[in-house]
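Trainee: File follows, target-v7.cif with mmCIF, C-alpha atoms (C1' of nucleotides):
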```cif
data_upload
loop_
_atom_site.label_atom_id
_atom_site.label_comp_id
_atom_site.auth_asym_id
_atom_site.auth_seq_id
_atom_site.Cartn_x
_atom_site.Cartn_y
_atom_site.Cartn_z
CA MET A 1 -15.02 8.69 -2.58
CA GLY A 2 -15.45 10.21 -6.02
CA VAL A 3 -14.19 8.68 -9.22
CA SER A 4 -11.88 11.63 -9.66
CA THR A 5 -9.55 10.53 -6.89
CA LEU A 6 -9.41 6.90 -7.95
CA ARG A 7 -6.24 5.54 -9.47
CA LEU A 8 -6.98 2.92 -12.10
CA THR A 9 -4.30 0.41 -12.95
CA ASP A 10 -4.37 -2.30 -15.58
CA THR A 11 -5.34 -4.61 -12.79
CA SER A 12 -8.37 -2.45 -12.09
CA TYR A 13 -9.50 -2.79 -15.68
CA ALA A 14 -8.88 -6.50 -15.59
CA VAL A 15 -11.27 -6.77 -12.67
CA LEU A 16 -13.84 -4.54 -14.32
CA ALA A 17 -13.74 -6.68 -17.44
CA LEU A 18 -14.15 -9.87 -15.47
CA VAL A 19 -17.12 -8.42 -13.63
CA GLU A 20 -18.66 -7.33 -16.90
CA ARG A 21 -18.41 -10.85 -18.17
CA CYS A 22 -19.76 -12.56 -15.06
CA GLU A 23 -22.08 -10.15 -13.31
CA PRO A 24 -23.61 -10.51 -10.86
CA VAL A 25 -20.55 -12.03 -9.28
CA THR A 26 -18.74 -12.49 -5.99
CA PRO A 27 -15.00 -11.96 -5.57
CA ASP A 28 -14.53 -15.63 -5.00
CA GLN A 29 -16.13 -16.47 -8.32
CA LEU A 30 -13.92 -13.90 -9.99
CA LYS A 31 -10.97 -15.60 -8.41
CA GLN A 32 -11.95 -18.87 -10.00
CA VAL A 33 -12.61 -17.39 -13.40
CA ALA A 34 -9.32 -15.55 -13.29
CA GLN A 35 -7.63 -18.80 -12.41
CA VAL A 36 -8.37 -20.26 -15.83
CA SER A 37 -8.11 -17.11 -17.87
CA ILE A 38 -6.25 -13.92 -17.16
CA LEU A 39 -3.92 -15.24 -14.53
CA HIS A 40 -1.87 -16.77 -17.31
CA PHE A 41 -0.91 -13.43 -18.76
CA TRP A 42 -1.84 -11.03 -15.99
CA SER A 43 -0.88 -12.45 -12.65
CA ILE A 44 -2.55 -11.10 -9.53
CA PRO A 45 -2.41 -12.49 -6.02
CA HIS A 46 -5.84 -13.68 -5.03
CA THR A 47 -6.27 -11.34 -2.10
CA GLN A 48 -5.94 -8.39 -4.37
CA ILE A 49 -9.15 -9.29 -6.14
CA TYR A 50 -11.03 -8.67 -2.92
CA THR A 51 -9.35 -5.37 -2.19
CA GLU A 52 -9.63 -4.20 -5.77
CA CYS A 53 -13.35 -4.92 -5.85
CA SER A 54 -14.00 -2.90 -2.75
CA ARG A 55 -11.81 -0.06 -3.99
CA LEU A 56 -13.70 0.03 -7.26
CA ALA A 57 -17.02 -0.07 -5.45
CA GLU A 58 -15.97 2.74 -3.20
CA GLY A 59 -15.00 4.72 -6.28
CA GLY A 60 -18.37 4.10 -7.88
CA LEU A 61 -17.25 1.86 -10.72
CA LEU A 62 -18.85 -1.23 -9.26
CA GLU A 63 -22.13 -1.66 -7.47
CA GLU A 64 -21.91 -3.68 -4.32
CA ARG A 65 -24.76 -5.63 -2.74
CA ARG A 66 -24.75 -8.16 0.04
CA GLU A 67 -26.48 -11.47 -0.08
CA GLN A 68 -29.41 -11.45 2.32
CA SER A 69 -28.76 -14.86 3.77
CA GLY A 70 -26.05 -17.44 4.18
CA ARG A 71 -22.58 -15.96 4.10
CA ARG A 72 -23.90 -12.57 3.07
CA ARG A 73 -21.25 -12.43 0.43
CA ARG A 74 -20.61 -9.25 -1.48
CA VAL A 75 -22.02 -9.32 -4.98
CA TYR A 76 -20.77 -6.96 -7.63
CA ARG A 77 -22.13 -5.47 -10.83
CA LEU A 78 -20.66 -3.00 -13.22
CA SER A 79 -22.03 0.51 -12.72
CA GLY A 80 -22.61 2.98 -15.51
CA ALA A 81 -19.41 4.78 -14.63
CA GLY A 82 -17.58 1.48 -14.56
CA ARG A 83 -18.76 0.52 -18.00
CA LYS A 84 -17.79 3.90 -19.33
CA ALA A 85 -14.30 3.71 -17.86
CA LEU A 86 -13.83 0.22 -19.22
CA ASP A 87 -14.96 1.22 -22.69
CA ARG A 88 -12.64 4.18 -22.74
CA TRP A 89 -9.70 2.02 -21.76
CA ARG A 90 -10.53 -0.61 -24.35
CA ALA A 91 -10.75 1.97 -27.08
CA ASP A 92 -7.11 2.93 -26.63
CA PRO A 93 -4.86 0.32 -28.20
CA SER A 94 -1.63 1.64 -26.71
CA THR A 95 -0.19 -0.26 -23.78
CA GLY A 96 2.85 -0.47 -21.57
CA LEU A 97 5.51 -3.10 -21.97
CA TYR A 98 5.05 -6.60 -20.74
CA GLU A 99 6.89 -7.78 -17.68
CA LEU A 100 8.12 -11.28 -17.22
CA ARG A 101 9.62 -13.17 -14.33
CA ASP A 102 10.73 -16.53 -15.57
CA PRO A 103 12.88 -18.40 -13.05
CA GLY A 104 13.78 -21.02 -15.64
CA LEU A 105 15.40 -18.54 -17.99
CA LEU A 106 16.97 -16.88 -14.98
CA LYS A 107 18.69 -20.04 -13.85
CA LEU A 108 19.82 -20.72 -17.37
CA PHE A 109 21.29 -17.25 -17.56
CA CYS A 110 22.99 -17.64 -14.22
CA GLY A 111 24.92 -20.66 -15.36
CA ALA A 112 22.92 -23.68 -14.25
CA ASP A 113 23.23 -26.86 -16.27
CA PRO A 114 21.04 -26.29 -19.32
CA ALA A 115 19.96 -29.88 -19.76
CA ALA A 116 18.88 -30.22 -16.15
CA VAL A 117 16.92 -27.00 -16.11
CA ALA A 118 15.39 -27.92 -19.44
CA GLU A 119 14.16 -31.20 -18.07
CA ALA A 120 12.29 -29.48 -15.25
CA GLN A 121 10.95 -26.69 -17.42
CA LEU A 122 9.74 -29.06 -20.09
CA GLU A 123 7.55 -30.86 -17.66
CA ARG A 124 5.89 -27.68 -16.48
CA HIS A 125 5.36 -26.23 -19.88
CA ARG A 126 4.05 -29.43 -21.38
CA GLU A 127 1.44 -29.53 -18.64
CA ARG A 128 0.42 -25.99 -19.30
CA LEU A 129 0.23 -26.54 -23.01
CA GLU A 130 -2.07 -29.49 -22.52
CA LEU A 131 -4.19 -27.50 -20.11
CA TYR A 132 -4.61 -24.64 -22.56
CA ARG A 133 -5.33 -26.93 -25.47
CA GLY A 134 -7.95 -28.69 -23.43
CA LEU A 135 -9.65 -25.42 -22.60
CA TYR A 136 -9.42 -24.30 -26.18
CA GLU A 137 -11.06 -27.41 -27.52
CA HIS A 138 -13.71 -28.08 -24.99
CA GLU A 139 -14.86 -24.87 -23.40
CA GLU A 140 -17.35 -22.44 -24.73
CA MET A 141 -15.99 -18.97 -24.46
CA PRO A 142 -16.27 -15.53 -25.98
CA GLN A 143 -14.12 -14.81 -28.98
CA SER A 144 -11.83 -12.36 -27.16
CA MET A 145 -11.05 -14.96 -24.56
CA ARG A 146 -10.35 -17.51 -27.23
CA LEU A 147 -7.89 -15.19 -28.91
CA ALA A 148 -5.99 -14.52 -25.70
CA LEU A 149 -5.90 -18.22 -24.99
CA ALA A 150 -4.46 -18.81 -28.43
CA GLY A 151 -1.70 -16.40 -27.47
CA GLY A 152 -0.93 -18.50 -24.43
CA ILE A 153 -0.84 -21.64 -26.49
CA GLY A 154 1.61 -20.08 -28.90
CA HIS A 155 3.89 -19.19 -26.06
CA GLU A 156 3.78 -22.54 -24.42
CA ARG A 157 4.48 -24.18 -27.73
CA GLU A 158 7.51 -21.96 -28.10
CA TYR A 159 8.66 -22.76 -24.57
CA VAL A 160 8.39 -26.46 -25.28
CA ARG A 161 10.34 -26.10 -28.48
CA PHE A 162 13.04 -24.07 -26.80
CA TRP A 163 13.56 -26.28 -23.79
CA SER A 164 13.36 -29.43 -25.88
CA ARG A 165 16.22 -28.35 -28.05
CA LEU A 166 18.20 -27.36 -25.00
CA ARG A 167 17.67 -30.66 -23.33
CA GLU A 168 19.08 -32.42 -26.31
CA GLY A 169 22.11 -30.20 -26.26
CA ARG A 170 21.31 -28.60 -29.57
CA ASP A 171 21.52 -24.90 -30.22
CA PRO A 172 18.15 -23.33 -29.46
CA ASP A 173 18.26 -21.51 -32.78
CA MET B 1 23.54 -9.76 10.45
CA GLY B 2 24.26 -13.43 9.97
CA VAL B 3 23.49 -15.39 6.87
CA SER B 4 21.01 -17.47 8.78
CA THR B 5 18.47 -14.69 9.03
CA LEU B 6 18.73 -13.63 5.41
CA ARG B 7 15.86 -14.34 3.08
CA LEU B 8 17.11 -15.11 -0.41
CA THR B 9 14.74 -14.63 -3.30
CA ASP B 10 15.32 -15.37 -6.95
CA THR B 11 16.12 -11.70 -7.29
CA SER B 12 18.89 -12.12 -4.73
CA TYR B 13 20.44 -14.88 -6.79
CA ALA B 14 20.09 -12.83 -9.92
CA VAL B 15 22.14 -10.09 -8.30
CA LEU B 16 24.71 -12.54 -7.00
CA ALA B 17 25.13 -14.01 -10.46
CA LEU B 18 25.54 -10.60 -12.04
CA VAL B 19 28.15 -9.66 -9.46
CA GLU B 20 29.99 -12.91 -10.09
CA ARG B 21 30.14 -12.09 -13.75
CA CYS B 22 31.25 -8.47 -13.37
CA GLU B 23 33.17 -8.17 -10.14
CA PRO B 24 34.43 -5.82 -8.93
CA VAL B 25 31.32 -3.87 -9.75
CA THR B 26 29.17 -0.96 -8.62
CA PRO B 27 25.38 -1.12 -8.41
CA ASP B 28 25.11 1.31 -11.26
CA GLN B 29 27.15 -0.93 -13.51
CA LEU B 30 24.97 -3.85 -12.52
CA LYS B 31 21.98 -1.78 -13.48
CA GLN B 32 23.38 -1.29 -16.95
CA VAL B 33 24.32 -4.91 -17.43
CA ALA B 34 20.88 -5.99 -16.24
CA GLN B 35 19.35 -3.58 -18.70
CA VAL B 36 20.59 -5.63 -21.65
CA SER B 37 20.32 -9.04 -20.12
CA ILE B 38 18.17 -10.28 -17.29
CA LEU B 39 15.63 -7.50 -17.30
CA HIS B 40 14.05 -9.13 -20.30
CA PHE B 41 13.03 -12.21 -18.38
CA TRP B 42 13.46 -11.13 -14.78
CA SER B 43 12.22 -7.61 -14.31
CA ILE B 44 13.41 -5.62 -11.33
CA PRO B 45 12.97 -1.94 -10.64
CA HIS B 46 16.35 -0.28 -10.72
CA THR B 47 16.28 0.94 -7.14
CA GLN B 48 16.00 -2.57 -5.91
CA ILE B 49 19.44 -3.39 -7.21
CA TYR B 50 20.88 -0.90 -4.74
CA THR B 51 18.91 -2.17 -1.82
CA GLU B 52 19.51 -5.79 -2.69
CA CYS B 53 23.26 -5.24 -2.88
CA SER B 54 23.40 -3.70 0.54
CA ARG B 55 21.17 -6.39 1.99
CA LEU B 56 23.41 -9.09 0.57
CA ALA B 57 26.50 -7.31 1.86
CA GLU B 58 24.98 -7.02 5.28
CA GLY B 59 24.23 -10.72 5.18
CA GLY B 60 27.80 -11.53 4.24
CA LEU B 61 27.18 -12.77 0.72
CA LEU B 62 28.82 -9.78 -0.90
CA GLU B 63 31.90 -7.85 0.09
CA GLU B 64 31.44 -4.13 0.05
CA ARG B 65 34.22 -1.57 -0.39
CA ARG B 66 34.08 2.13 -1.02
CA GLU B 67 36.06 3.91 -3.67
CA GLN B 68 38.67 6.11 -2.01
CA SER B 69 38.07 9.14 -4.17
CA GLY B 70 35.51 10.71 -6.45
CA ARG B 71 32.00 9.60 -5.69
CA ARG B 72 33.21 7.01 -3.22
CA ARG B 73 30.89 4.53 -4.86
CA ARG B 74 30.23 1.18 -3.28
CA VAL B 75 32.06 -1.63 -5.00
CA TYR B 76 30.97 -5.22 -4.60
CA ARG B 77 32.58 -8.61 -4.89
CA LEU B 78 31.21 -12.05 -4.27
CA SER B 79 32.26 -13.43 -0.88
CA GLY B 80 32.99 -17.07 -0.24
CA ALA B 81 29.59 -17.51 1.33
CA GLY B 82 28.00 -15.76 -1.62
CA ARG B 83 29.65 -18.07 -4.10
CA LYS B 84 28.60 -21.07 -2.11
CA ALA B 85 24.98 -19.95 -1.91
CA LEU B 86 24.94 -19.22 -5.60
CA ASP B 87 26.38 -22.61 -6.49
CA ARG B 88 23.88 -24.39 -4.33
CA TRP B 89 21.01 -22.58 -5.98
CA ARG B 90 22.34 -23.27 -9.45
CA ALA B 91 22.70 -26.95 -8.72
CA ASP B 92 18.98 -27.30 -8.11
CA PRO B 93 17.10 -27.34 -11.41
CA SER B 94 13.64 -26.99 -9.90
CA THR B 95 12.01 -23.61 -10.10
CA GLY B 96 8.77 -21.80 -9.47
CA LEU B 97 6.34 -20.89 -12.20
CA TYR B 98 6.89 -17.94 -14.41
CA GLU B 99 4.80 -14.85 -13.98
CA LEU B 100 3.75 -12.64 -16.82
CA ARG B 101 2.04 -9.30 -17.02
CA ASP B 102 1.29 -8.59 -20.62
CA PRO B 103 -1.02 -5.62 -21.08
CA GLY B 104 -1.44 -6.41 -24.77
CA LEU B 105 -2.92 -9.84 -24.13
CA LEU B 106 -4.94 -8.33 -21.31
CA LYS B 107 -6.59 -5.78 -23.58
CA LEU B 108 -7.23 -8.44 -26.14
CA PHE B 109 -8.88 -10.59 -23.51
CA CYS B 110 -10.93 -7.69 -22.26
CA GLY B 111 -12.52 -7.14 -25.61
CA ALA B 112 -10.50 -4.43 -27.32
CA ASP B 113 -10.35 -4.41 -31.11
CA PRO B 114 -7.85 -7.12 -31.98
CA ALA B 115 -6.50 -5.46 -35.11
CA ALA B 116 -5.84 -2.18 -33.34
CA VAL B 117 -4.11 -3.78 -30.38
CA ALA B 118 -2.13 -5.96 -32.75
CA GLU B 119 -0.87 -2.95 -34.64
CA ALA B 120 0.53 -1.39 -31.48
CA GLN B 121 1.94 -4.64 -30.13
CA LEU B 122 3.61 -5.51 -33.39
CA GLU B 123 5.61 -2.34 -33.36
CA ARG B 124 6.91 -2.98 -29.86
CA HIS B 125 7.76 -6.59 -30.41
CA ARG B 126 9.43 -6.00 -33.74
CA GLU B 127 11.70 -3.50 -32.05
CA ARG B 128 12.56 -5.92 -29.32
CA LEU B 129 13.22 -8.71 -31.73
CA GLU B 130 15.64 -6.53 -33.67
CA LEU B 131 17.33 -5.48 -30.45
CA TYR B 132 17.85 -9.05 -29.32
CA ARG B 133 19.06 -10.19 -32.71
CA GLY B 134 21.54 -7.35 -32.78
CA LEU B 135 22.91 -8.34 -29.40
CA TYR B 136 23.03 -11.97 -30.40
CA GLU B 137 25.02 -11.28 -33.54
CA HIS B 138 27.39 -8.62 -32.43
CA GLU B 139 28.13 -8.99 -28.76
CA GLU B 140 30.59 -11.28 -27.15
CA MET B 141 29.00 -13.03 -24.25
CA PRO B 142 29.22 -16.17 -22.17
CA GLN B 143 27.38 -19.19 -23.43
CA SER B 144 24.75 -19.16 -20.68
CA MET B 145 23.84 -15.60 -21.54
CA ARG B 146 23.63 -16.49 -25.20
CA LEU B 147 21.22 -19.31 -24.43
CA ALA B 148 18.94 -17.10 -22.37
CA LEU B 149 19.00 -14.50 -25.11
CA ALA B 150 18.02 -17.15 -27.61
CA GLY B 151 15.02 -17.82 -25.42
CA GLY B 152 14.04 -14.19 -25.63
CA ILE B 153 14.40 -14.22 -29.38
CA GLY B 154 12.16 -17.23 -29.65
CA HIS B 155 9.48 -15.50 -27.66
CA GLU B 156 9.63 -12.29 -29.57
CA ARG B 157 9.43 -14.23 -32.80
CA GLU B 158 6.32 -15.92 -31.49
CA TYR B 159 4.82 -12.60 -30.41
CA VAL B 160 5.41 -11.16 -33.85
CA ARG B 161 3.84 -14.18 -35.49
CA PHE B 162 0.83 -14.05 -33.20
CA TRP B 163 0.08 -10.37 -33.50
CA SER B 164 0.74 -10.38 -37.24
CA ARG B 165 -1.90 -12.97 -37.82
CA LEU B 166 -4.29 -11.11 -35.59
CA ARG B 167 -3.75 -7.87 -37.40
CA GLU B 168 -4.68 -9.51 -40.65
CA GLY B 169 -7.83 -10.84 -39.10
CA ARG B 170 -6.75 -14.43 -39.44
CA ASP B 171 -7.13 -16.99 -36.73
CA PRO B 172 -3.99 -17.02 -34.61
CA ASP B 173 -3.83 -20.78 -35.00
"C1'" DC C 1 -26.03 -34.01 15.59
"C1'" DC C 2 -21.44 -33.56 15.61
"C1'" DC C 3 -17.12 -33.24 13.58
"C1'" DG C 4 -13.80 -32.56 9.90
"C1'" DA C 5 -13.00 -30.73 5.57
"C1'" DA C 6 -13.89 -27.50 2.10
"C1'" DT C 7 -15.05 -23.05 0.98
"C1'" DC C 8 -14.90 -18.12 1.50
"C1'" DG C 9 -12.94 -14.05 3.29
"C1'" DT C 10 -9.90 -10.89 5.86
"C1'" DA C 11 -6.04 -9.03 8.66
"C1'" DC C 12 -1.64 -7.50 8.64
"C1'" DG C 13 3.28 -6.75 8.25
"C1'" DG C 14 6.92 -6.69 5.34
"C1'" DA C 15 8.63 -6.48 0.54
"C1'" DC C 16 8.40 -4.14 -3.40
"C1'" DC C 17 7.92 -0.40 -6.51
"C1'" DG C 18 8.32 4.06 -8.63
"C1'" DT C 19 8.58 8.85 -8.25
"C1'" DA C 20 10.98 12.52 -6.98
"C1'" DC C 21 14.73 14.33 -5.58
"C1'" DC C 22 19.73 15.00 -4.11
"C1'" DA C 23 24.87 14.62 -5.15
"C1'" DT C 24 28.79 14.40 -7.89
"C1'" DG C 25 31.56 14.72 -11.91
"C1'" DC C 26 32.42 16.17 -16.52
"C1'" DG C 27 32.88 19.01 -20.48
"C1'" DG C 28 32.33 23.18 -22.99
"C1'" DA C 29 32.27 28.28 -23.29
"C1'" DA C 30 34.18 32.52 -22.28
"C1'" DT D 1 40.34 28.99 -14.53
"C1'" DT D 2 35.65 29.43 -13.38
"C1'" DC D 3 31.19 28.89 -14.17
"C1'" DC D 4 27.28 26.54 -15.69
"C1'" DG D 5 24.40 22.84 -17.57
"C1'" DC D 6 23.88 18.23 -18.33
"C1'" DA D 7 24.81 13.39 -17.65
"C1'" DT D 8 25.53 10.16 -14.40
"C1'" DG D 9 25.04 7.90 -9.95
"C1'" DG D 10 22.46 7.26 -5.76
"C1'" DT D 11 19.01 7.70 -2.16
"C1'" DA D 12 14.66 8.78 0.45
"C1'" DC D 13 10.28 7.63 1.20
"C1'" DG D 14 5.39 6.59 1.10
"C1'" DG D 15 1.99 4.02 -0.96
"C1'" DT D 16 0.87 -0.35 -3.13
"C1'" DC D 17 1.26 -4.90 -3.46
"C1'" DC D 18 1.93 -9.46 -1.91
"C1'" DG D 19 1.50 -13.75 0.58
"C1'" DT D 20 1.02 -16.03 4.76
"C1'" DA D 21 -1.73 -17.06 8.27
"C1'" DC D 22 -5.76 -17.30 10.30
"C1'" DG D 23 -10.88 -16.64 11.20
"C1'" DA D 24 -15.59 -17.58 9.73
"C1'" DT D 25 -19.20 -20.10 7.52
"C1'" DT D 26 -21.12 -24.00 5.22
"C1'" DC D 27 -21.43 -28.64 3.74
"C1'" DG D 28 -21.26 -33.61 3.88
"C1'" DG D 29 -20.67 -38.00 6.03
"C1'" DG D 30 -20.79 -41.03 9.87
#
```
Let me see whether you can do it: turn the structure in this file into structure tokens.
Mentor:
Amino acid sequence: MGVSTLRLTDTSYAVLALVERCEPVTPDQLKQVAQVSILHFWSIPHTQIYTECSRLAEGGLLEERREQSGRRRRVYRLSGAGRKALDRWRADPSTGLYELRDPGLLKLFCGADPAAVAEAQLERHRERLELYRGLYEHEEMPQSMRLALAGGIGHEREYVRFWSRLREGRDPD
Amino acid sequence: MGVSTLRLTDTSYAVLALVERCEPVTPDQLKQVAQVSILHFWSIPHTQIYTECSRLAEGGLLEERREQSGRRRRVYRLSGAGRKALDRWRADPSTGLYELRDPGLLKLFCGADPAAVAEAQLERHRERLELYRGLYEHEEMPQSMRLALAGGIGHEREYVRFWSRLREGRDPD
DNA sequence: CCCGAATCGTACGGACCGTACCATGCGGAA
DNA sequence: TTCCGCATGGTACGGTCCGTACGATTCGGG
């Protein structure tokens, strides 16, 4: 299949960028890297990483090899066309809107007891905040990744603030 | 179809709660209400509101009537079973994790120029923040809705802070 | 050497999504 | 009044996505 007929979504570019950073790489490794990076602001079900890789390979944006022994896993690299597409996308700063599905805010909106929901949410968000802070402190990572992570930290901090106030029955302000 | 065979997602409950608040109500009206409320933290494509309403009616959680004249629109009310299901769900404060798809953070992560992305993001988030603040000040609304809106305001404020710092080349902190 | 667990990958059906398109009502112009 | 154009309201439908469930391979310990 030629590049011309290939539909590229933001998810496609996410995969291309991950491959760029990790090549040569198997889908399973991508899955793990995504787990501690983009999945926090760009959620994808794990199976889609496999299908997206093979789509992109078929379209010529990734190069696909097979390991010669063992599991004969597929191994991907960015192709010239892939790099070009990725660069073009990166050069354009315009984006679509974000989409959020936050069941905590939903329950709050729907009339659940604020303090009770807050209690549960606080626990989750505190965990996440600690997780992000740990990564931020201890991991080596490229600057762009560090910036995105800082975004996540900011959000979790805000979540914790919000739900804390709610738990105590104060106005969230 | 009996209730027993009906799969209820968070989206189902979102619709039930909106109906509870607006009944009697047509799907189109729900669409408009959602537009200025839950869509900011629980995104749903508009067509799904129609299909979800008829699913819930078929399952006995909503009552469906037709207008007698004009467009003969479908008009929904919460049934007894619907109210019960909704109450049960609300009483349980546990929830799943939130999911986010933020193309701004994604581009940042993928190596785009931070200042350029920030410029574009700032514009969007400033608009949203103003929108939410306007609603918060001027609209009458139930307390639970006000709380959820306050959550949205907090997040937009954080977004603005984050992208502002990035635009100026400072560390996001 | 075998077995169980962990890892890695895929198959598949149903839910979701978004585009494109109909249908109806409404209001203004002549 | 009638016509027309636009705004509103609703649906049809096919492709994409999603998540569960399972199959395959490897590894480690007894």
Trainee: Check what the PyMOL selection byres ((chain A) within 9 of (chain C)) selects in the file above and give those residues as an mmCIF file with C-alpha atoms, keeping the file's coordinate frame.
Mentor:
```
data_model
loop_
_atom_site.group_PDB
_atom_site.id
_atom_site.type_symbol
_atom_site.label_atom_id
_atom_site.label_comp_id
_atom_site.auth_asym_id
_atom_site.auth_seq_id
_atom_site.Cartn_x
_atom_site.Cartn_y
_atom_site.Cartn_z
ATOM 1 C CA ASP A 28 -14.530 -15.630 -5.000
ATOM 2 C CA THR A 47 -6.270 -11.340 -2.100
ATOM 3 C CA TYR A 50 -11.030 -8.670 -2.920
ATOM 4 C CA ARG A 71 -22.580 -15.960 4.100
ATOM 5 C CA ARG A 73 -21.250 -12.430 0.430
#
```
Trainee: Which residues match the PyMOL selection byres ((chain D) within 10 of (chain A)) in the file above, as an MDAnalysis selection string?
Mentor: chainID D and resid 17:19 24:26
Trainee: Just to be explicit: take each residue in the selection above, keep C-alpha atoms (C1' of nucleotides), and write the result as a PDB file, keeping the file's coordinate frame.
Mentor:
```
ATOM      1  C1'  DC D  17       1.260  -4.900  -3.460  1.00  0.00           C
ATOM      2  C1'  DC D  18       1.930  -9.460  -1.910  1.00  0.00           C
ATOM      3  C1'  DG D  19       1.500 -13.750   0.580  1.00  0.00           C
ATOM      4  C1'  DA D  24     -15.590 -17.580   9.730  1.00  0.00           C
ATOM      5  C1'  DT D  25     -19.200 -20.100   7.520  1.00  0.00           C
ATOM      6  C1'  DT D  26     -21.120 -24.000   5.220  1.00  0.00           C
TER       7       DT D  26
END
```
Trainee: Give me the result of the PyMOL selection byres ((chain B) within 6 of (chain A)) on this file, residue by residue, as a short mmCIF file (atom, residue, chain, number, x, y, z; two decimals) with C-alpha atoms, in the frame of the given file.
Mentor:
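Result file is part-v1.cif:
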```cif
data_model
loop_
_atom_site.label_atom_id
_atom_site.label_comp_id
_atom_site.auth_asym_id
_atom_site.auth_seq_id
_atom_site.Cartn_x
_atom_site.Cartn_y
_atom_site.Cartn_z
CA ALA B 17 25.13 -14.01 -10.46
CA PHE B 41 13.03 -12.21 -18.38
CA TRP B 42 13.46 -11.13 -14.78
CA ARG B 90 22.34 -23.27 -9.45
CA PRO B 93 17.10 -27.34 -11.41
CA TYR B 98 6.89 -17.94 -14.41
CA GLU B 99 4.80 -14.85 -13.98
CA LEU B 100 3.75 -12.64 -16.82
CA ARG B 101 2.04 -9.30 -17.02
CA ASP B 102 1.29 -8.59 -20.62
CA LEU B 105 -2.92 -9.84 -24.13
CA PHE B 109 -8.88 -10.59 -23.51
CA CYS B 110 -10.93 -7.69 -22.26
CA GLY B 111 -12.52 -7.14 -25.61
CA ALA B 112 -10.50 -4.43 -27.32
CA ALA B 116 -5.84 -2.18 -33.34
CA VAL B 117 -4.11 -3.78 -30.38
CA SER B 144 24.75 -19.16 -20.68
CA MET B 145 23.84 -15.60 -21.54
CA ALA B 148 18.94 -17.10 -22.37
#
```
Trainee: Residues within 12 Å of B:Arg66, please, as a list in words. Count all atoms listed in the file; anything in the same chain fewer than 3 positions from it doesn't count.
Mentor: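 Listed by chain and then number, they are Pro24, Val25, Thr26, Pro27, Glu63, Ser69, Gly70, Arg71, Arg72, Arg73, Arg74, Val75, Tyr76 and Arg77 of chain B.
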Trainee: Atom CA of B:Ser12 and atom CA of B:Leu61, how far apart in Å?
Mentor: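 Between atom CA of B:Leu61 and atom CA of B:Ser12 the gap is 9.9 Å.
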Trainee: Please measure the separation of atom C1' of D:DT1 and atom CA of B:Gln68, giving the value in Å to one decimal.
Mentor: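 If I compute the distance from atom C1' of D:DT1 to atom CA of B:Gln68, I get 26.1 Å.
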Trainee: With distances taken over all atoms listed in the file, which of B:Glu52, B:Arg83, B:Gln32, B:Glu23 is nearest to B:Arg65?
Mentor: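 Answer, going by the shortest atom-to-atom distance: B:Glu23.
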Trainee: Report, as JSON, the axis-aligned box around all atoms of stretch 4-9 of chain C present in the file, extended by 3 Å on each side; give centre and edge lengths in Å to one decimal place.
Mentor:
```
{"center_x": -14.0, "center_y": -23.3, "center_z": 5.4, "size_x": 8.1, "size_y": 24.5, "size_z": 14.9}
```
Trainee: What does the distance from atom CA of A:Leu78 to atom CA of A:Leu62 come to in Å, to one decimal?
Mentor: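 Going from atom CA of A:Leu78 over to atom CA of A:Leu62 covers 4.7 Å.
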